[in-house]
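The file structure-v3.cif comes next; it holds mmCIF, C-alpha atoms.
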```cif
data_final
loop_
_atom_site.label_atom_id
_atom_site.label_comp_id
_atom_site.auth_asym_id
_atom_site.auth_seq_id
_atom_site.Cartn_x
_atom_site.Cartn_y
_atom_site.Cartn_z
CA MET U 1 122.79 72.37 96.81
CA ALA U 2 122.65 75.04 99.45
CA GLY U 3 119.81 77.41 99.38
CA SER U 4 117.66 75.48 97.01
CA VAL U 5 114.30 75.58 98.60
CA GLY U 6 111.05 75.34 96.76
CA GLN U 7 107.41 75.55 97.51
CA TYR U 8 106.06 72.19 98.56
CA SER U 9 102.43 72.60 97.60
CA ILE U 10 102.02 74.17 94.20
CA GLY U 11 98.58 74.45 92.65
CA TRP U 12 97.23 76.73 89.97
CA PHE U 13 94.60 77.32 87.36
CA PRO U 14 96.29 76.35 84.07
CA TRP U 15 94.54 79.20 82.28
CA VAL U 16 96.52 81.83 84.23
CA ALA U 17 99.54 81.41 81.94
CA VAL U 18 101.94 78.90 80.46
CA LYS U 19 105.50 79.12 79.26
CA SER U 20 104.75 77.61 75.87
CA THR U 21 102.27 75.44 74.02
CA VAL U 22 101.92 73.18 71.01
CA GLY U 23 98.46 73.22 69.49
CA THR U 24 95.65 75.73 69.85
CA TRP U 25 94.71 76.39 73.46
CA ILE U 26 91.91 78.57 74.80
CA ARG U 27 90.64 79.79 78.13
CA GLY U 28 87.10 78.53 78.45
CA ALA U 29 84.69 79.85 81.06
CA ASN U 30 82.22 77.27 82.32
CA SER U 31 80.02 77.88 85.33
CA SER U 32 79.53 74.16 85.96
CA VAL U 33 83.10 73.10 86.72
CA LEU U 34 85.54 73.69 89.55
CA GLY U 35 87.43 76.91 88.87
CA LEU U 36 84.62 78.02 86.57
CA GLY U 37 86.76 77.34 83.55
CA TYR U 38 89.56 75.40 81.97
CA PHE U 39 92.54 75.57 79.65
CA TYR U 40 91.66 73.58 76.60
CA ASN U 41 93.34 72.48 73.36
CA THR U 42 90.67 73.03 70.74
CA SER U 43 93.03 71.53 68.19
CA ALA U 44 92.59 68.20 70.03
CA ALA U 45 95.57 66.82 68.15
CA GLN U 46 97.99 64.15 69.20
CA ASN U 47 101.00 65.62 71.04
CA ASP U 48 99.37 68.93 71.88
CA GLU U 49 101.23 70.14 74.93
CA ARG U 50 101.70 72.91 77.45
CA ILE U 51 104.78 73.69 79.52
CA VAL U 52 105.73 75.63 82.64
CA ASP U 53 108.96 75.54 84.61
CA LEU U 54 108.84 74.72 88.32
CA TYR U 55 111.44 74.43 91.01
CA LEU U 56 111.02 71.01 92.61
CA ASP U 57 113.03 69.87 95.60
CA SER U 58 114.42 66.34 95.95
CA VAL U 59 111.46 64.93 97.82
CA VAL U 60 108.52 62.67 96.99
CA TRP U 61 105.65 64.33 95.16
CA LYS U 62 102.25 63.62 93.80
CA PHE U 63 100.80 65.29 90.74
CA ALA U 64 97.08 66.03 90.71
CA MET U 65 94.82 67.36 88.02
CA VAL U 66 91.16 68.32 87.87
CA ALA U 67 89.80 68.08 84.35
CA TYR U 68 86.84 67.32 82.17
CA LYS U 69 86.04 63.78 81.05
CA ASP U 70 84.10 62.81 77.96
CA ASN U 71 84.42 60.68 74.84
CA THR U 72 86.68 63.16 73.01
CA ARG U 73 89.44 63.37 75.62
CA GLY U 74 93.03 62.25 75.44
CA ILE U 75 95.44 60.86 77.97
CA SER U 76 97.72 63.31 79.77
CA THR U 77 101.31 62.22 79.95
CA ILE U 78 103.03 64.14 82.74
CA GLN U 79 106.68 64.81 82.03
CA LEU U 80 109.53 66.37 83.99
CA ASP U 81 112.47 67.31 81.79
CA GLY U 82 111.18 65.00 79.08
CA VAL U 83 110.77 61.94 81.31
CA SER U 84 107.29 60.54 81.79
CA GLN U 85 106.03 60.47 85.37
CA GLY U 86 102.80 58.71 84.51
CA THR U 87 99.54 59.19 82.68
CA LEU U 88 95.96 60.23 83.40
CA ASP U 89 93.15 59.09 81.11
CA TRP U 90 90.34 61.63 80.64
CA TYR U 91 88.09 59.41 78.54
CA ASN U 92 84.58 58.72 79.74
CA ALA U 93 81.55 57.73 77.70
CA ALA U 94 79.44 60.46 79.30
CA ASP U 95 80.34 64.13 79.77
CA ILE U 96 81.38 64.93 83.31
CA GLY U 97 83.38 67.85 84.66
CA SER U 98 85.55 68.44 87.74
CA GLN U 99 87.14 65.01 87.78
CA TYR U 100 90.12 64.59 90.11
CA ALA U 101 93.00 62.24 89.35
CA GLU U 102 96.52 61.93 90.67
CA ILE U 103 99.86 60.20 90.15
CA THR U 104 101.60 59.37 93.42
CA ASN U 105 105.08 58.45 94.62
CA LEU U 106 107.00 60.61 92.19
CA THR U 107 110.57 60.83 93.46
CA VAL U 108 112.68 63.79 92.43
CA THR U 109 116.33 62.96 93.04
CA THR U 110 117.95 66.31 92.26
CA PRO U 111 116.53 69.66 93.36
CA SER U 112 116.39 71.98 90.39
CA VAL U 113 114.20 73.74 87.92
CA LYS U 114 112.14 71.20 86.04
CA SER U 115 110.34 71.61 82.77
CA TYR U 116 106.85 70.31 83.55
CA LYS U 117 105.03 69.27 80.40
CA MET U 118 101.49 68.01 80.05
CA ILE U 119 101.28 66.32 76.65
CA ALA U 120 98.35 64.57 75.00
CA ALA U 121 100.54 61.85 73.60
CA THR U 122 98.03 59.04 73.59
CA LYS U 123 94.33 58.39 73.99
CA ASN U 124 91.98 55.72 75.13
CA ALA U 125 90.98 53.44 72.27
CA ALA U 126 87.37 54.47 72.74
CA SER U 127 88.08 58.19 72.57
CA SER U 128 87.67 60.21 69.39
CA GLY U 129 90.40 62.75 70.14
CA TYR U 130 93.18 64.20 72.23
CA ALA U 131 91.46 67.15 73.92
CA ILE U 132 92.42 67.97 77.51
CA ALA U 133 90.37 70.55 79.44
CA ALA U 134 91.99 71.13 82.83
CA SER U 135 90.64 73.20 85.69
CA SER U 136 93.76 72.82 87.81
CA ASP U 137 97.25 71.39 88.08
CA ALA U 138 99.02 70.71 91.37
CA TRP U 139 102.28 69.31 92.70
CA ILE U 140 102.17 68.30 96.35
CA ARG U 141 105.07 67.05 98.48
CA THR U 142 103.99 63.82 100.15
CA GLY U 143 107.26 62.66 101.66
CA GLY U 144 111.02 62.87 101.67
CA THR U 145 113.39 65.25 103.38
CA PRO U 146 113.83 68.76 102.03
CA SER U 147 117.31 69.29 100.67
CA THR U 148 118.01 72.44 102.66
CA PRO U 149 115.97 72.50 105.84
CA GLY U 150 117.77 75.64 106.98
CA GLY U 151 116.95 77.53 103.85
CA THR U 152 118.60 80.65 102.56
CA ASP U 153 116.95 82.39 99.66
CA THR U 154 113.39 81.37 99.65
CA PRO U 155 110.02 81.90 98.14
CA GLY U 156 108.35 81.90 101.52
CA TYR U 157 106.84 85.34 101.31
CA THR U 158 103.52 84.78 99.60
CA TRP U 159 101.98 81.35 99.34
CA GLU U 160 98.57 80.65 97.97
CA TRP U 161 96.63 77.41 97.99
CA ILE U 162 93.28 76.43 96.51
CA PRO U 163 92.47 73.39 98.63
CA TRP U 164 90.23 71.56 96.16
CA MET U 165 93.17 71.27 93.75
CA ALA U 166 94.98 68.78 96.02
CA SER U 167 96.23 68.34 99.56
CA LYS U 168 98.96 66.32 101.21
CA SER U 169 96.64 64.47 103.57
CA ASN U 170 93.36 64.85 105.37
CA THR U 171 91.06 63.48 107.99
CA THR U 172 87.54 63.31 106.54
CA PHE U 173 88.16 66.62 104.75
CA ASP U 174 88.39 65.69 101.09
CA THR U 175 85.14 66.41 99.30
CA ARG U 176 85.29 68.72 96.29
CA ALA U 177 82.14 70.73 95.80
CA GLN U 178 81.56 72.79 92.68
CA SER U 179 79.70 76.08 92.88
CA SER U 180 79.16 78.78 90.31
CA VAL U 181 78.52 81.38 93.00
CA GLN U 182 81.77 81.00 94.88
CA PHE U 183 85.35 82.12 94.51
CA GLY U 184 87.49 79.37 93.11
CA GLY U 185 84.41 77.91 91.51
CA GLY U 186 84.00 75.63 94.48
CA TYR U 187 85.52 74.50 97.73
CA LEU U 188 86.88 71.64 99.76
CA THR U 189 84.65 70.44 102.56
CA ASN U 190 84.34 67.88 105.33
CA SER U 191 80.98 66.82 104.08
CA GLY U 192 80.15 64.86 107.22
CA GLY U 193 80.84 67.82 109.47
CA ALA U 194 82.88 65.72 111.88
CA GLN U 195 84.75 67.32 114.74
CA ASN U 196 88.54 67.43 114.17
CA SER U 197 88.25 67.03 110.43
CA GLU U 198 91.49 68.36 109.05
CA VAL U 199 93.14 69.12 105.73
CA VAL U 200 96.92 69.29 105.58
CA THR U 201 99.60 70.41 103.15
CA ASP U 202 103.18 71.74 103.27
CA PHE U 203 104.62 75.10 102.39
CA TRP U 204 107.89 76.90 102.84
CA GLU U 205 107.70 79.81 105.23
CA ASP U 206 110.35 82.43 105.77
CA THR U 207 111.00 84.05 109.11
CA GLY U 208 108.91 87.10 109.88
CA THR U 209 105.39 88.19 110.61
CA PHE U 210 102.55 86.90 108.48
CA THR U 211 98.89 87.48 107.79
CA TYR U 212 96.78 84.46 106.97
CA GLY U 213 93.69 85.01 104.85
CA GLN U 214 91.05 82.61 103.64
CA VAL U 215 87.94 82.72 101.55
CA TYR U 216 85.44 80.39 103.14
CA GLY U 217 81.81 79.76 103.83
CA GLY U 218 79.43 78.30 106.30
CA GLY U 219 75.93 78.25 107.69
CA THR U 220 74.30 77.39 110.97
CA ASP U 221 76.11 74.05 110.97
CA ALA U 222 79.63 75.41 110.47
CA GLY U 223 82.52 74.87 112.82
CA ILE U 224 85.47 77.04 113.71
CA CYS U 225 88.53 76.77 111.46
CA HIS U 226 91.67 76.37 113.53
CA ILE U 227 94.62 77.66 111.52
CA ARG U 228 97.59 75.51 112.44
CA ILE U 229 101.30 75.45 111.70
CA ASP U 230 103.19 72.32 112.73
CA ASP U 231 100.20 71.23 114.81
CA VAL U 232 100.03 74.47 116.81
CA ASP U 233 97.02 76.77 116.62
CA LYS U 234 97.85 80.21 115.22
CA GLY U 235 94.33 81.57 115.28
CA THR U 236 90.73 80.76 114.45
CA ILE U 237 88.09 81.78 111.92
CA ASP U 238 84.50 81.01 112.81
CA GLY U 239 82.39 79.71 109.93
CA TYR U 240 79.09 79.95 111.77
CA ASN U 241 76.58 81.85 109.62
CA ALA U 242 79.37 83.09 107.36
CA GLY U 243 77.47 82.61 104.12
CA ASN U 244 79.43 82.19 100.89
CA ASN U 245 82.63 84.01 99.94
CA ALA U 246 83.42 85.31 103.39
CA TYR U 247 86.96 86.53 103.89
CA GLY U 248 88.68 86.05 107.22
CA THR U 249 92.17 86.74 108.49
CA VAL U 250 94.53 85.86 111.28
CA VAL U 251 97.10 88.62 111.67
CA GLY U 252 100.43 88.91 113.41
CA VAL U 253 101.49 85.29 113.10
CA THR U 254 105.22 85.18 113.75
CA ASN U 255 107.62 82.58 112.46
CA GLY U 256 111.08 82.40 113.96
CA THR U 257 112.52 79.55 111.93
CA ALA U 258 112.48 79.41 108.18
CA GLY U 259 111.62 76.06 106.73
CA VAL U 260 109.00 73.62 105.56
CA LYS U 261 105.84 73.91 107.62
CA LYS U 262 102.89 71.63 108.03
CA PHE U 263 99.86 73.80 107.44
CA ALA U 264 96.44 72.57 108.48
CA VAL U 265 92.91 73.81 108.79
CA LYS U 266 91.21 71.79 111.51
CA MET U 267 87.56 71.95 112.53
CA ALA U 268 88.37 71.45 116.18
CA THR U 269 85.67 73.50 117.84
CA LYS U 270 82.41 75.24 117.04
CA ASN U 271 80.38 78.24 117.96
CA ALA U 272 77.96 77.45 120.77
CA SER U 273 75.08 78.20 118.39
CA SER U 274 76.32 75.91 115.62
CA THR U 275 74.89 72.46 115.09
CA SER U 276 78.03 70.87 113.65
CA PHE U 277 81.68 71.22 112.64
CA TYR U 278 81.15 71.74 108.91
CA GLY U 279 84.01 73.40 107.02
CA GLN U 280 83.98 75.05 103.60
CA LEU U 281 87.36 76.24 102.38
CA ASN U 282 87.77 78.09 99.09
CA SER U 283 91.31 79.45 99.39
CA ALA U 284 94.16 79.91 101.82
CA LYS U 285 96.96 82.42 101.59
CA TRP U 286 99.94 83.36 103.75
CA THR U 287 101.45 86.79 103.22
CA ARG U 288 104.59 88.00 104.92
CA THR U 289 103.88 91.47 106.28
CA GLY U 290 107.02 92.22 108.26
CA ALA U 291 110.40 91.08 109.53
CA MET R 1 127.55 82.38 122.96
CA SER R 2 124.89 82.51 120.31
CA PHE R 3 125.28 82.70 116.55
CA PRO R 4 123.31 85.24 114.58
CA VAL R 5 120.62 83.46 112.62
CA ALA R 6 121.88 85.08 109.41
CA ALA R 7 125.22 83.43 109.89
CA LEU R 8 123.59 80.05 110.02
CA LEU R 9 121.33 80.61 107.08
CA GLY R 10 123.85 82.33 104.85
CA PRO R 11 123.44 85.42 102.72
CA ARG R 12 120.16 86.25 101.05
CA GLY R 13 119.60 87.13 97.45
CA VAL R 14 122.58 85.20 96.12
CA ILE R 15 121.30 81.89 94.86
CA ALA R 16 118.70 81.79 92.16
CA LEU R 17 115.70 79.96 93.40
CA PRO R 18 112.24 78.79 92.81
CA GLY R 19 110.64 81.88 91.42
CA TYR R 20 110.07 80.41 87.99
CA PHE R 21 106.32 80.23 87.87
CA ILE R 22 104.22 82.44 90.12
CA ALA R 23 100.49 82.00 89.70
CA ASP R 24 98.51 84.31 91.89
CA THR R 25 94.83 85.06 92.39
CA PRO R 26 94.65 88.42 94.17
CA TRP R 27 91.15 87.80 95.52
CA ALA R 28 92.67 85.20 97.83
CA GLY R 29 94.55 87.97 99.61
CA THR R 30 97.15 90.69 99.14
CA LYS R 31 99.86 92.05 101.36
CA SER R 32 98.37 95.54 101.49
CA ASN R 33 96.22 97.83 99.43
CA ASN R 34 94.74 101.26 99.00
CA GLN R 35 91.05 101.08 98.07
CA TRP R 36 91.54 97.79 96.24
CA SER R 37 90.03 95.02 98.35
CA THR R 38 86.58 94.22 96.99
CA LEU R 39 85.96 90.55 96.24
CA THR R 40 83.58 90.44 93.30
CA GLN R 41 82.27 86.96 92.57
CA GLY R 42 80.73 85.93 89.27
CA SER R 43 79.63 82.69 87.68
CA THR R 44 81.06 83.64 84.28
CA GLN R 45 84.49 84.59 85.58
CA LEU R 46 87.46 82.28 85.36
CA GLY R 47 88.49 81.44 88.91
CA GLY R 48 85.13 82.49 90.23
CA GLY R 49 85.76 86.19 90.54
CA ARG R 50 88.13 89.12 90.69
CA LEU R 51 89.70 91.52 93.14
CA ALA R 52 88.09 94.86 92.30
CA THR R 53 88.83 98.42 93.30
CA ASP R 54 86.65 99.75 96.11
CA VAL R 55 86.06 103.09 94.41
CA SER R 56 86.82 104.46 90.98
CA ALA R 57 89.40 107.01 92.00
CA SER R 58 92.93 107.46 90.78
CA GLY R 59 95.60 106.05 93.11
CA ASP R 60 94.13 102.66 94.02
CA TRP R 61 96.78 99.95 94.43
CA PHE R 62 97.56 96.56 95.89
CA ARG R 63 100.88 94.97 96.81
CA GLU R 64 102.35 91.48 96.99
CA ASP R 65 105.83 90.09 97.63
CA HIS R 66 107.29 87.31 95.53
CA TYR R 67 110.68 85.75 95.11
CA PHE R 68 111.93 85.76 91.52
CA ALA R 69 114.72 83.83 89.86
CA THR R 70 117.04 85.54 87.41
CA GLY R 71 115.85 85.40 83.83
CA THR R 72 113.42 86.71 81.29
CA PHE R 73 109.80 86.69 82.38
CA LYS R 74 106.41 87.43 81.00
CA LEU R 75 103.60 88.95 83.02
CA ALA R 76 100.14 87.55 82.29
CA LEU R 77 96.88 88.99 83.58
CA VAL R 78 93.35 87.67 83.35
CA TYR R 79 91.12 90.62 84.04
CA ARG R 80 87.97 92.54 83.25
CA LYS R 81 87.77 95.10 80.50
CA GLU R 82 84.97 97.65 80.35
CA PRO R 83 84.31 101.39 79.87
CA SER R 84 85.15 102.55 83.40
CA GLN R 85 88.46 100.75 83.80
CA GLY R 86 91.84 102.40 84.22
CA ILE R 87 95.34 101.38 83.23
CA PHE R 88 97.21 98.89 85.42
CA THR R 89 100.72 100.16 86.13
CA ILE R 90 102.85 97.35 87.55
CA THR R 91 106.20 98.07 89.18
CA GLY R 92 108.65 96.41 91.52
CA VAL R 93 109.90 93.51 89.45
CA SER R 94 111.78 95.18 86.61
CA GLY R 95 110.82 98.49 85.07
CA THR R 96 107.17 99.29 84.52
CA GLN R 97 104.51 97.18 82.85
CA SER R 98 101.24 98.76 81.73
CA ILE R 99 98.00 97.12 80.66
CA ASP R 100 94.99 99.17 79.60
CA ALA R 101 91.75 97.70 80.95
CA TYR R 102 89.49 100.03 79.02
CA ALA R 103 87.12 98.65 76.38
CA ALA R 104 83.90 100.03 74.99
CA LEU R 105 82.15 96.77 75.89
CA GLU R 106 82.64 94.59 78.93
CA ALA R 107 84.93 91.61 78.41
CA LEU R 108 85.51 89.33 81.37
CA ASN R 109 88.33 86.79 81.27
CA THR R 110 90.53 88.95 79.06
CA TYR R 111 94.02 87.50 78.82
CA GLU R 112 96.94 89.77 78.14
CA GLU R 113 100.65 89.44 78.62
CA VAL R 114 103.77 91.58 78.64
CA THR R 115 106.85 89.68 77.50
CA GLY R 116 110.59 90.19 77.65
CA ILE R 117 110.88 91.39 81.24
CA ALA R 118 114.51 91.01 82.41
CA VAL R 119 114.63 90.13 86.10
CA THR R 120 117.45 89.68 88.59
CA ALA R 121 116.92 87.23 91.42
CA GLY R 122 115.52 88.42 94.68
CA LEU R 123 112.52 89.33 96.70
CA LYS R 124 110.34 91.73 94.74
CA THR R 125 107.56 93.90 96.02
CA VAL R 126 105.01 93.93 93.24
CA ASP R 127 102.76 96.99 93.13
CA VAL R 128 99.71 97.20 90.90
CA LEU R 129 98.53 100.80 90.66
CA ILE R 130 95.82 102.61 88.77
CA ASN R 131 96.58 106.30 88.37
CA THR R 132 96.12 106.72 84.65
CA LYS R 133 93.40 105.81 82.21
CA ASN R 134 92.58 105.62 78.57
CA ALA R 135 91.19 108.91 77.29
CA SER R 136 87.93 107.13 76.52
CA SER R 137 87.52 105.62 79.97
CA ILE R 138 85.11 107.26 82.38
CA ALA R 139 86.89 106.22 85.60
CA PHE R 140 89.85 104.47 87.25
CA SER R 141 88.26 101.15 88.20
CA GLY R 142 90.07 97.83 88.03
CA GLY R 143 89.40 94.13 88.49
CA ILE R 144 91.99 91.35 88.26
CA GLN R 145 91.19 87.63 88.29
CA SER R 146 94.76 86.34 88.15
CA MET R 147 98.30 87.59 87.84
CA ALA R 148 101.09 85.27 86.75
CA TRP R 149 104.81 85.66 86.25
CA VAL R 150 106.33 83.04 83.97
CA ARG R 151 110.04 82.63 83.36
CA THR R 152 110.49 82.19 79.64
CA GLY R 153 114.26 82.29 79.29
CA ALA R 154 117.62 82.70 80.93
#
```

Just give me the structure of the file as structure tokens.
Amino acid sequence: MAGSVGQYSIGWFPWVAVKSTVGTWIRGANSSVLGLGYFYNTSAAQNDERIVDLYLDSVVWKFAMVAYKDNTRGISTIQLDGVSQGTLDWYNAADIGSQYAEITNLTVTTPSVKSYKMIAATKNAASSGYAIAASSDAWIRTGGTPSTPGGTDTPGYTWEWIPWMASKSNTTFDTRAQSSVQFGGGYLTNSGGAQNSEVVTDFWEDTGTFTYGQVYGGGTDAGICHIRIDDVDKGTIDGYNAGNNAYGTVVGVTNGTAGVKKFAVKMATKNASSTSFYGQLNSAKWTRTGA
Amino acid sequence: MSFPVAALLGPRGVIALPGYFIADTPWAGTKSNNQWSTLTQGSTQLGGGRLATDVSASGDWFREDHYFATGTFKLALVYRKEPSQGIFTITGVSGTQSIDAYAALEALNTYEEVTGIAVTAGLKTVDVLINTKNASSIAFSGGIQSMAWVRTGA
């Protein structure tokens, strides 16, 4: 299927919009969870659902969700075109927000538009209802060969990623930290501050010139973020004494070959004044600015 | 002898592709802007904050590029309403979409959508402009938490 290229790391706040729903769903603000809110079926009825359409290439994916757990929650059944890909149980005896769960090794055999449905079809026997309160949804390519590595018509012009939603892989860079005073309602961090900590995911990048921008933070222990494409440094953003909600850019990054790229933020070096290689990443975004 | 890259990659804008669900948080970055680049964080805001106008003058805008599939779309914004806000005029996808951000009282996390937008496939330059306002508004300010384009039909 020539030309069928999709994004390979897709993550979003479910409250931004859906194609359709069954049940009563609200956008709830909550300063104590990642994203500072959730999309929530107040009806809490069996088979409440929400749908969006996504283009998924014929590769191996994982699905990840961050959601609230308590004793009223249902089980999310994740469907593509009506076929279950697995379930995630949000029951817990005690209330607890910002819980991450994933379903791995999901093989898509035909690249096409898929109807992604999250349906509260079942519940844990101990739960009193079918409520699902999600802070994020994400689909991440974890393996497989893209169907059209050359690419033709592509979405590789603007790509946005909220790292705490999910990543493809990491090296000691996988701690989700919630914060009510930060963009994204939190961040992903290498909590040990180890040198060469790295978080990795894929995206599809067109040819052209790009600006990379990230919202990030850091104190006296922060390292320098090395912004890398296919294991090559494209620029750096120093987190030393950045505070919260800093915004940094790397401009004039050129890409000569359209295709799937390995994107990484690696804490490879540090400011001479810094005591460690700590990283705090709220968002990452690539924007094509020229041919 | 070298082949032009375009010959290897084929024509652009022909095959409908992955632009079926575009969820965007402008505070994470835009392509370009005019006086619309202030990151305003807040603990009661969905997503943790909004991209706000730098001043309250008419003519502020920001721009992003996205690839859209052919079909019918809805535009959905989560944004801040209050007495000094202008009207968002959104162009570049198909026609003009307008959303009035004025309200007598502040309302963060306001969700509003414009449905039935007929789109042809291709790269679209999306411009969000404030150059008009409700007669009751006192200025042309704006603050957007998220902007989504959702394909709802063929």

Need to verify the contact set: Ala76 of chain R, 9 Å, all atoms listed in the file, exclusion of same-chain residues closer than 6 positions in sequence. Can you return it as an NGL selection string? (:U and (16-17)) or (:R and (111-115 or 146-150))

Selection from above, C-alpha atoms, as a CSV table (one decimal), in the coordinates of the input, can you write it?
```
chain,number,residue,atom,x,y,z
U,16,VAL,CA,96.5,81.8,84.2
U,17,ALA,CA,99.5,81.4,81.9
R,111,TYR,CA,94.0,87.5,78.8
R,112,GLU,CA,96.9,89.8,78.1
R,113,GLU,CA,100.6,89.4,78.6
R,114,VAL,CA,103.8,91.6,78.6
R,115,THR,CA,106.8,89.7,77.5
R,146,SER,CA,94.8,86.3,88.2
R,147,MET,CA,98.3,87.6,87.8
R,148,ALA,CA,101.1,85.3,86.8
R,149,TRP,CA,104.8,85.7,86.2
R,150,VAL,CA,106.3,83.0,84.0
```

Can you spell out as number ranges by chain the set of residues that the PyMOL selection byres ((chain R and resi 127-143) around 8) selects in the structure I just provided? R: 50-53, 55-64, 79-80, 83-92, 100-103, 125-126, 144-145

With all atoms listed in the file as the atoms that count, which of R:Pro26, R:Gly71, R:Gly47, R:Gly153 lies nearest to chain U? R:Gly47

Taking the file as shown, what set of residues would the PyMOL selection byres ((chain U and resi 197) around 8) give back, as a ChimeraX atom specification? /U:170-173,190,193-196,198-199,266-268

Those residues with C-alpha atoms, as an mmCIF file, in the coordinates of the input please?
```cif
data_model
loop_
_atom_site.group_PDB
_atom_site.id
_atom_site.type_symbol
_atom_site.label_atom_id
_atom_site.label_comp_id
_atom_site.auth_asym_id
_atom_site.auth_seq_id
_atom_site.Cartn_x
_atom_site.Cartn_y
_atom_site.Cartn_z
ATOM 1 C CA ASN U 170 93.360 64.850 105.370
ATOM 2 C CA THR U 171 91.060 63.480 107.990
ATOM 3 C CA THR U 172 87.540 63.310 106.540
ATOM 4 C CA PHE U 173 88.160 66.620 104.750
ATOM 5 C CA ASN U 190 84.340 67.880 105.330
ATOM 6 C CA GLY U 193 80.840 67.820 109.470
ATOM 7 C CA ALA U 194 82.880 65.720 111.880
ATOM 8 C CA GLN U 195 84.750 67.320 114.740
ATOM 9 C CA ASN U 196 88.540 67.430 114.170
ATOM 10 C CA GLU U 198 91.490 68.360 109.050
ATOM 11 C CA VAL U 199 93.140 69.120 105.730
ATOM 12 C CA LYS U 266 91.210 71.790 111.510
ATOM 13 C CA MET U 267 87.560 71.950 112.530
ATOM 14 C CA ALA U 268 88.370 71.450 116.180
#
```

Taking (79.6, 60.0, 81.0) in the file's coordinates as the center, which residues reach within 12 Å of it, counting only C-alpha atoms, put as a CSV table (one decimal) with C-alpha atoms, in the frame of the given file?
```csv
chain,number,residue,atom,x,y,z
U,68,TYR,CA,86.8,67.3,82.2
U,69,LYS,CA,86.0,63.8,81.0
U,70,ASP,CA,84.1,62.8,78.0
U,71,ASN,CA,84.4,60.7,74.8
U,72,THR,CA,86.7,63.2,73.0
U,73,ARG,CA,89.4,63.4,75.6
U,90,TRP,CA,90.3,61.6,80.6
U,91,TYR,CA,88.1,59.4,78.5
U,92,ASN,CA,84.6,58.7,79.7
U,93,ALA,CA,81.6,57.7,77.7
U,94,ALA,CA,79.4,60.5,79.3
U,95,ASP,CA,80.3,64.1,79.8
U,96,ILE,CA,81.4,64.9,83.3
U,97,GLY,CA,83.4,67.8,84.7
U,99,GLN,CA,87.1,65.0,87.8
```
